[in-house]
>>> print(open('work_10.tsv').read())   # TSV, C-alpha atoms and all ligand atoms
chain	number	residue	atom	x	y	z
A	1240	MET	CA	-97.07	64.04	-18.73
A	1241	PHE	CA	-97.10	67.72	-19.79
A	1242	LYS	CA	-97.21	66.67	-23.44
A	1243	GLY	CA	-100.15	64.41	-22.70
A	1244	VAL	CA	-102.06	67.24	-21.07
A	1245	MET	CA	-101.28	69.56	-23.98
A	1246	LEU	CA	-102.49	66.94	-26.40
A	1247	ALA	CA	-105.69	66.45	-24.45
A	1248	PHE	CA	-106.25	70.21	-24.51
A	1249	ALA	CA	-105.58	70.34	-28.23
A	1250	VAL	CA	-108.04	67.53	-28.91
A	1251	MET	CA	-110.65	69.16	-26.69
A	1252	ALA	CA	-110.20	72.51	-28.42
A	1253	LEU	CA	-110.58	70.82	-31.77
A	1254	LEU	CA	-113.77	69.03	-30.69
A	1255	LEU	CA	-115.21	72.21	-29.24
A	1256	SER	CA	-114.44	74.21	-32.37
A	1257	ALA	CA	-116.03	71.49	-34.49
A	1258	VAL	CA	-119.15	71.59	-32.34
A	1259	HIS	CA	-119.40	75.34	-31.98
A	1260	ALA	CA	-118.21	76.56	-35.37
A	1261	ALA	CA	-121.39	78.03	-36.80
A	1262	PRO	CA	-121.92	77.33	-40.48
A	1263	VAL	CA	-120.86	80.15	-42.83
A	1264	LYS	CA	-123.87	82.23	-43.84
A	1265	VAL	CA	-124.00	82.51	-47.60
A	1266	VAL	CA	-126.44	84.43	-49.79
A	1267	ALA	CA	-126.70	83.46	-53.46
A	1268	THR	CA	-128.52	85.47	-56.10
A	1269	LEU	CA	-129.67	82.36	-58.00
A	1270	PRO	CA	-130.60	78.87	-56.77
A	1271	ILE	CA	-127.97	77.39	-59.07
A	1272	LEU	CA	-125.30	79.17	-57.00
A	1273	LYS	CA	-126.94	77.91	-53.81
A	1274	GLU	CA	-126.57	74.38	-55.05
A	1275	PHE	CA	-122.92	74.82	-56.02
A	1276	ALA	CA	-122.25	76.38	-52.59
A	1277	GLU	CA	-123.96	73.48	-50.82
A	1278	GLN	CA	-122.01	70.94	-52.83
A	1279	VAL	CA	-118.73	72.63	-51.91
A	1280	GLY	CA	-119.64	73.70	-48.38
A	1281	ARG	CA	-121.87	70.82	-47.22
A	1282	ASP	CA	-122.55	71.13	-43.46
A	1283	HIS	CA	-120.18	74.08	-43.07
A	1284	VAL	CA	-122.57	76.47	-44.86
A	1285	THR	CA	-126.17	77.68	-44.74
A	1286	VAL	CA	-127.26	79.20	-48.03
A	1287	THR	CA	-130.25	81.37	-48.88
A	1288	THR	CA	-131.19	82.73	-52.31
A	1289	LEU	CA	-132.66	85.99	-53.52
A	1290	ILE	CA	-134.34	84.56	-56.66
A	1291	SER	CA	-136.34	81.34	-56.38
A	1292	GLY	CA	-136.25	78.46	-58.86
A	1293	PHE	CA	-139.64	79.39	-60.21
A	1294	GLU	CA	-138.70	82.90	-61.22
A	1295	SER	CA	-136.86	83.96	-64.34
A	1296	GLU	CA	-133.17	84.60	-63.78
A	1297	HIS	CA	-133.86	88.12	-65.09
A	1298	SER	CA	-136.52	89.05	-62.58
A	1299	TYR	CA	-136.03	89.94	-58.97
A	1300	SER	CA	-138.53	91.39	-56.53
A	1301	PRO	CA	-136.76	92.34	-53.30
A	1302	LYS	CA	-138.15	91.07	-50.00
A	1303	PRO	CA	-137.40	92.77	-46.66
A	1304	SER	CA	-135.78	89.53	-45.49
A	1305	ASP	CA	-133.22	89.74	-48.30
A	1306	LEU	CA	-131.51	92.82	-46.91
A	1307	LYS	CA	-131.47	91.24	-43.47
A	1308	ALA	CA	-129.87	88.08	-44.88
A	1309	LEU	CA	-127.22	90.18	-46.64
A	1310	GLY	CA	-126.56	92.06	-43.41
A	1311	GLN	CA	-125.73	88.79	-41.64
A	1312	ALA	CA	-123.92	86.93	-44.42
A	1313	ARG	CA	-120.18	86.39	-44.82
A	1314	LEU	CA	-120.37	85.53	-48.51
A	1315	LEU	CA	-122.49	86.76	-51.42
A	1316	LEU	CA	-122.44	84.71	-54.61
A	1317	GLU	CA	-123.40	86.30	-57.91
A	1318	ILE	CA	-123.07	85.43	-61.58
A	1319	GLY	CA	-122.01	88.95	-62.62
A	1320	LEU	CA	-122.12	89.99	-66.30
A	1321	GLY	CA	-124.95	92.42	-65.64
A	1322	LEU	CA	-127.45	89.65	-64.83
A	1323	GLU	CA	-127.99	90.87	-61.26
A	1324	VAL	CA	-127.84	94.63	-61.83
A	1325	TRP	CA	-129.54	95.21	-58.48
A	1326	VAL	CA	-126.81	93.52	-56.42
A	1327	SER	CA	-124.41	96.42	-55.89
A	1328	GLY	CA	-127.18	98.67	-54.57
A	1329	MET	CA	-128.25	95.97	-52.12
A	1330	VAL	CA	-124.71	95.38	-50.92
A	1331	LYS	CA	-124.37	99.11	-50.26
A	1332	ASN	CA	-127.69	99.21	-48.38
A	1333	ALA	CA	-126.82	96.15	-46.31
A	1334	GLY	CA	-123.78	98.02	-44.96
A	1335	ASN	CA	-122.07	94.79	-43.94
A	1336	PRO	CA	-118.28	95.27	-43.72
A	1337	HIS	CA	-117.76	91.48	-43.36
A	1338	LEU	CA	-119.50	90.61	-46.61
A	1339	HIS	CA	-117.21	89.05	-49.21
A	1340	VAL	CA	-118.61	89.07	-52.77
A	1341	VAL	CA	-117.74	86.24	-55.15
A	1342	THR	CA	-118.35	86.91	-58.85
A	1343	THR	CA	-118.52	83.38	-60.18
A	1344	SER	CA	-118.27	84.30	-63.88
A	1345	GLN	CA	-114.63	85.41	-63.50
A	1346	GLY	CA	-112.38	83.63	-65.97
A	1347	VAL	CA	-115.27	82.11	-67.94
A	1348	LEU	CA	-114.89	82.31	-71.71
A	1349	LEU	CA	-117.87	84.48	-72.67
A	1350	ILE	CA	-120.19	84.17	-75.62
A	1351	GLN	CA	-121.34	87.55	-76.96
A	1352	ASP	CA	-125.00	88.00	-77.80
A	1353	THR	CA	-125.79	89.27	-81.27
A	1354	PRO	CA	-125.09	93.03	-81.54
A	1355	ARG	CA	-128.85	93.58	-81.44
A	1356	GLY	CA	-129.03	91.76	-78.11
A	1357	GLY	CA	-127.77	94.81	-76.28
A	1358	ASN	CA	-125.89	93.02	-73.49
A	1359	ASP	CA	-122.29	94.17	-73.79
A	1360	HIS	CA	-121.18	92.10	-70.79
A	1361	GLY	CA	-121.48	88.81	-72.65
A	1362	ASN	CA	-124.32	86.34	-72.38
A	1363	PRO	CA	-124.89	85.66	-68.65
A	1364	HIS	CA	-126.30	82.09	-68.82
A	1365	ILE	CA	-122.85	80.61	-68.27
A	1366	TRP	CA	-123.88	77.82	-65.88
A	1367	LEU	CA	-125.57	75.88	-68.66
A	1368	ASP	CA	-122.13	74.74	-69.80
A	1369	PRO	CA	-120.88	72.21	-67.22
A	1370	GLU	CA	-117.29	73.33	-67.83
A	1371	ASN	CA	-118.34	76.75	-66.56
A	1372	ALA	CA	-120.12	75.15	-63.59
A	1373	LYS	CA	-116.71	73.72	-62.65
A	1374	ILE	CA	-115.09	77.18	-62.78
A	1375	MET	CA	-117.95	78.68	-60.77
A	1376	SER	CA	-117.76	75.97	-58.10
A	1377	ALA	CA	-114.01	76.54	-57.82
A	1378	HIS	CA	-114.59	80.27	-57.23
A	1379	ILE	CA	-117.08	79.39	-54.50
A	1380	ALA	CA	-114.57	77.05	-52.84
A	1381	GLU	CA	-112.02	79.88	-52.93
A	1382	GLY	CA	-114.51	82.30	-51.39
A	1383	LEU	CA	-115.45	79.86	-48.63
A	1384	THR	CA	-111.79	79.22	-47.88
A	1385	ALA	CA	-111.16	82.96	-47.64
A	1386	VAL	CA	-113.87	83.52	-45.03
A	1387	ASP	CA	-113.51	80.15	-43.27
A	1388	PRO	CA	-109.93	78.92	-43.65
A	1389	ALA	CA	-110.43	76.35	-40.86
A	1390	HIS	CA	-112.38	74.14	-43.29
A	1391	GLN	CA	-110.12	74.61	-46.28
A	1392	GLU	CA	-109.45	70.88	-46.54
A	1393	ALA	CA	-113.17	69.99	-46.52
A	1394	TYR	CA	-113.91	72.59	-49.20
A	1395	ARG	CA	-111.13	71.26	-51.37
A	1396	GLU	CA	-112.30	67.65	-51.03
A	1397	ASN	CA	-115.96	68.49	-51.64
A	1398	LEU	CA	-115.01	70.52	-54.70
A	1399	THR	CA	-112.96	67.66	-56.12
A	1400	ARG	CA	-115.84	65.25	-55.59
A	1401	TYR	CA	-118.35	67.58	-57.24
A	1402	LEU	CA	-116.12	68.34	-60.22
A	1403	ARG	CA	-115.82	64.60	-60.82
A	1404	ALA	CA	-119.62	64.18	-60.70
A	1405	ILE	CA	-120.13	67.04	-63.16
A	1406	ASP	CA	-117.54	65.54	-65.46
A	1407	GLU	CA	-119.17	62.10	-65.49
A	1408	THR	CA	-122.61	63.50	-66.33
A	1409	GLN	CA	-121.18	65.81	-68.98
A	1410	LYS	CA	-119.31	63.04	-70.76
A	1411	ALA	CA	-122.25	60.63	-70.72
A	1412	LEU	CA	-124.56	63.29	-72.18
A	1413	GLN	CA	-122.05	64.33	-74.84
A	1414	VAL	CA	-121.86	60.74	-76.06
A	1415	ARG	CA	-125.64	60.63	-76.41
A	1416	VAL	CA	-125.85	63.91	-78.34
A	1417	SER	CA	-123.03	62.89	-80.67
A	1418	ALA	CA	-125.25	60.14	-82.10
A	1419	LEU	CA	-127.81	62.72	-83.31
A	1420	GLN	CA	-127.99	63.70	-86.99
A	1421	ASP	CA	-130.04	66.90	-86.77
A	1422	ARG	CA	-129.15	69.18	-83.85
A	1423	ARG	CA	-130.77	72.43	-84.96
A	1424	ILE	CA	-133.12	74.29	-82.62
A	1425	VAL	CA	-134.85	77.65	-82.26
A	1426	THR	CA	-134.94	78.97	-78.70
A	1427	HIS	CA	-137.35	81.27	-76.90
A	1428	HIS	CA	-134.69	83.51	-75.33
A	1429	ALA	CA	-130.89	83.51	-75.36
A	1430	ALA	CA	-130.42	81.20	-72.38
A	1431	TRP	CA	-128.88	78.35	-74.34
A	1432	PRO	CA	-125.72	79.30	-76.27
A	1433	TYR	CA	-123.31	77.82	-73.66
A	1434	PHE	CA	-125.40	74.65	-73.36
A	1435	ALA	CA	-125.61	74.31	-77.15
A	1436	GLY	CA	-121.91	74.98	-77.57
A	1437	ARG	CA	-120.85	72.32	-75.06
A	1438	PHE	CA	-123.25	69.60	-76.18
A	1439	GLY	CA	-123.21	70.31	-79.90
A	1440	PHE	CA	-126.71	71.67	-80.53
A	1441	ARG	CA	-127.09	74.44	-83.13
A	1442	ILE	CA	-129.21	77.50	-82.34
A	1443	GLU	CA	-130.78	78.76	-85.57
A	1444	GLY	CA	-132.83	81.60	-84.16
A	1445	GLU	CA	-134.42	83.21	-81.11
A	1446	ILE	CA	-138.02	84.25	-80.57
A	1447	VAL	CA	-137.22	87.00	-78.07
A	1448	ARG	CA	-134.15	89.11	-78.75
A	1449	GLN	CA	-134.20	90.91	-75.44
A	1450	ILE	CA	-135.95	89.70	-72.33
A	1451	GLY	CA	-139.02	91.76	-71.50
A	1452	LEU	CA	-139.49	92.92	-75.10
A	1453	GLU	CA	-142.21	91.31	-77.22
A	1454	PRO	CA	-140.97	90.08	-80.60
A	1455	SER	CA	-142.20	92.05	-83.60
A	1456	ALA	CA	-144.64	90.49	-86.08
A	1457	ALA	CA	-142.00	90.88	-88.80
A	1458	HIS	CA	-139.40	88.99	-86.75
A	1459	LEU	CA	-141.88	86.19	-86.02
A	1460	ALA	CA	-142.84	85.91	-89.68
A	1461	THR	CA	-139.19	85.66	-90.73
A	1462	LEU	CA	-138.52	83.06	-88.06
A	1463	ALA	CA	-141.59	81.00	-89.07
A	1464	ARG	CA	-140.53	81.05	-92.72
A	1465	ARG	CA	-137.03	79.94	-91.79
A	1466	ILE	CA	-138.28	77.08	-89.57
A	1467	LYS	CA	-140.47	75.81	-92.41
A	1468	THR	CA	-138.03	76.13	-95.32
A	1469	GLU	CA	-135.09	74.73	-93.37
A	1470	ARG	CA	-137.23	72.10	-91.65
A	1471	ILE	CA	-136.08	72.98	-88.14
A	1472	LYS	CA	-137.87	70.51	-85.93
A	1473	VAL	CA	-137.65	71.91	-82.41
A	1474	ILE	CA	-138.52	75.13	-80.58
A	1475	VAL	CA	-137.26	75.38	-77.00
A	1476	SER	CA	-139.22	77.35	-74.41
A	1477	GLU	CA	-138.87	77.63	-70.64
A	1478	PRO	CA	-141.30	77.33	-67.71
A	1479	GLN	CA	-140.25	80.80	-66.52
A	1480	LEU	CA	-141.47	82.41	-69.77
A	1481	ASN	CA	-144.94	82.94	-71.18
A	1482	GLN	CA	-145.20	80.18	-73.77
A	1483	LYS	CA	-148.00	81.66	-75.85
A	1484	VAL	CA	-145.84	83.01	-78.69
A	1485	ALA	CA	-143.70	79.87	-78.74
A	1486	ARG	CA	-146.82	77.70	-78.90
A	1487	THR	CA	-148.26	79.73	-81.78
A	1488	LEU	CA	-144.98	79.54	-83.69
A	1489	ALA	CA	-144.83	75.77	-83.17
A	1490	SER	CA	-148.38	75.15	-84.38
A	1491	GLU	CA	-147.83	77.47	-87.36
A	1492	THR	CA	-144.67	75.71	-88.47
A	1493	GLY	CA	-145.25	72.12	-87.34
A	1494	ALA	CA	-142.16	72.21	-85.12
A	1495	HIS	CA	-142.21	70.49	-81.72
A	1496	LEU	CA	-142.36	72.74	-78.69
A	1497	VAL	CA	-140.10	71.48	-75.89
A	1498	VAL	CA	-140.07	73.10	-72.46
A	1499	LEU	CA	-136.63	72.90	-70.89
A	1500	SER	CA	-135.41	74.52	-67.70
A	1501	PRO	CA	-132.34	76.75	-67.55
A	1502	LEU	CA	-132.57	76.69	-63.74
A	1503	PRO	CA	-132.93	73.65	-61.47
A	1504	GLY	CA	-136.23	73.02	-59.72
A	1505	ALA	CA	-138.72	74.63	-62.08
A	1506	ILE	CA	-139.74	71.32	-63.69
A	1507	LYS	CA	-140.21	68.00	-61.91
A	1508	GLY	CA	-137.07	65.96	-62.50
A	1509	THR	CA	-134.76	69.00	-62.56
A	1510	GLU	CA	-134.22	69.30	-58.81
A	1511	THR	CA	-130.45	69.32	-59.01
A	1512	TYR	CA	-128.07	70.88	-61.52
A	1513	LEU	CA	-126.96	67.54	-62.90
A	1514	ALA	CA	-130.54	66.21	-63.04
A	1515	MET	CA	-131.49	69.37	-64.93
A	1516	LEU	CA	-128.72	68.90	-67.51
A	1517	GLU	CA	-129.80	65.31	-67.97
A	1518	TYR	CA	-133.46	66.30	-68.29
A	1519	ASP	CA	-132.77	69.07	-70.80
A	1520	VAL	CA	-130.48	66.98	-73.00
A	1521	THR	CA	-132.79	63.95	-72.87
A	1522	ARG	CA	-135.91	65.93	-73.77
A	1523	LEU	CA	-134.10	67.70	-76.57
A	1524	ILE	CA	-132.77	64.46	-78.05
A	1525	ALA	CA	-136.24	62.90	-77.90
A	1526	ALA	CA	-137.81	65.89	-79.70
A	1527	LEU	CA	-135.11	66.05	-82.37
A	1528	GLU	CA	-135.46	62.34	-83.05
A	1529	SER	CA	-139.26	62.32	-83.26
A	1601	ZN	ZN	-132.13	84.37	-69.38
>>> encode(input="work_10.tsv", output="structure tokens")
Amino acid sequence: MFKGVMLAFAVMALLLSAVHAAPVKVVATLPILKEFAEQVGRDHVTVTTLISGFESEHSYSPKPSDLKALGQARLLLEIGLGLEVWVSGMVKNAGNPHLHVVTTSQGVLLIQDTPRGGNDHGNPHIWLDPENAKIMSAHIAEGLTAVDPAHQEAYRENLTRYLRAIDETQKALQVRVSALQDRRIVTHHAAWPYFAGRFGFRIEGEIVRQIGLEPSAAHLATLARRIKTERIKVIVSEPQLNQKVARTLASETGAHLVVLSPLPGAIKGTETYLAMLEYDVTRLIAALES
């Protein structure tokens, strides 16, 4: 009898906690981190982002609501590597002692930009390699478990499911790229080394060496000559960048200009991370084959 009552209480408590447990408030710097957090957290999280999918990952204009969101959040997700240089100042200003910061680039094998690139942290566009997306998602699961241990099991299961989905897409795309003869590209800015490394594309040059700096006429002339003499067929630009220089270079050299997105959502058909990878690889293959 007593046991039965205890059991009934336990079940009731469980039901109540399931009903009343408010989702964990998460703030992500980039939409890509929001997506990873939603994949791992599902209905146990509500995620807001500081940078939208239509902005460059290098630009951030603070809104008053951002500080408020940080003040109420349990978890802040960042890439790290100097990409979000403004984060530490915001965290300080938010003055939220309950905020737990997850740096998702921890443990990722970094690619260094060319010495001229000036970023001594390593290239920050790590998410464009799906193997890194797996590491980042695992960090997010760890962070969620730390602030919300009651749903540890759900986070673990969701993570496992997502890692499997990433893996399937990655393998299918790798098979398609492996059939290509010519995999050489010139890119607008250094967003693509992790992507190229994983899928087997070869980056032969970059239009912009450092984001925010216009390329010199001498650099553009050298690049144009190289594209022509080596018959490089594809120049990759991005919707977040001004495509004028890339377009000029393409028409000067006869190379195809392909607009790919390094962040989900900026181009129709890239609404999710995996859709974006598929879109980028498919468009690139089509341009290299034409
Ligand atoms: Zn970038």
>>> residues_near_ligand(input="work_10.tsv", ligand="ligand ZN 1601 (chain A)", cutoff="6 Å", atoms="all atoms listed in the file", output="list of chain:residue names")
A:Glu1296, A:His1297, A:Ala1430
>>> residues_around(input="work_10.tsv", residues="Met1375 of chain A", least_positions_apart="4", cutoff="12 Å", atoms="all atoms listed in the file", output="count of residues only")
34
>>> closest_residue(input="work_10.tsv", among="A:Leu1383, A:Leu1309, A:Ile1466, A:Leu1320", to="Pro1262 of chain A", atoms="only C-alpha atoms")
A:Leu1383
>>> residues_around(input="work_10.tsv", residues="Leu1516 of chain A", least_positions_apart="2", cutoff="9 Å", atoms="only C-alpha atoms", output="list in words")
Leu1367, Pro1369, Thr1408, Gln1409, Leu1412, Phe1434, Ser1500, Pro1501, Pro1503, Thr1509, Thr1511, Tyr1512, Leu1513, Ala1514, Tyr1518, Asp1519, Val1520 and Thr1521 of chain A
>>> closest_residue(input="work_10.tsv", among="A:Ala1393, A:Ala1494, A:Leu1523, A:Val1324", to="Phe1440 of chain A", atoms="only C-alpha atoms")
A:Leu1523
>>> atom_distance(input="work_10.tsv", atom1="atom CA of Leu1322 of chain A", atom2="atom CA of Thr1287 of chain A")
18.2 Å
>>> atom_distance(input="work_10.tsv", atom1="atom CA of Arg1403 of chain A", atom2="atom CA of Val1340 of chain A")
25.9 Å
>>> closest_residue(input="work_10.tsv", among="A:His1378, A:His1428, A:Lys1302, A:Lys1307", to="Asn1332 of chain A", atoms="all atoms listed in the file")
A:Lys1307
>>> atom_distance(input="work_10.tsv", atom1="atom CA of Ala1429 of chain A", atom2="atom CA of Leu1480 of chain A")
12.0 Å
>>> residues_around(input="work_10.tsv", residues="Thr1268 of chain A", least_positions_apart="5", cutoff="6 Å", atoms="only C-alpha atoms", output="ChimeraX atom specification")
/A:1288-1290,1317
>>> residues_near_point(input="work_10.tsv", point="(-143.9, 81.7, -81.7)", cutoff="9 Å", atoms="only C-alpha atoms", output="list in words")
His1427, Ile1446, Pro1454, Leu1459, Leu1462, Ala1463, Ile1474, Gln1482, Lys1483, Val1484, Ala1485, Arg1486, Thr1487, Leu1488, Ala1489, Ser1490 and Glu1491 of chain A
>>> closest_residue(input="work_10.tsv", among="A:Ile1471, A:Ala1460, A:Ala1435, A:Leu1499", to="Val1416 of chain A", atoms="only C-alpha atoms")
A:Ala1435
>>> closest_residue(input="work_10.tsv", among="A:His1283, A:Phe1438, A:Val1265, A:Gly1328", to="Ala1411 of chain A", atoms="all atoms listed in the file")
A:Phe1438
>>> closest_residue(input="work_10.tsv", among="A:Val1284, A:Ala1389, A:Ile1506, A:Val1326", to="Ser1300 of chain A", atoms="only C-alpha atoms")
A:Val1326
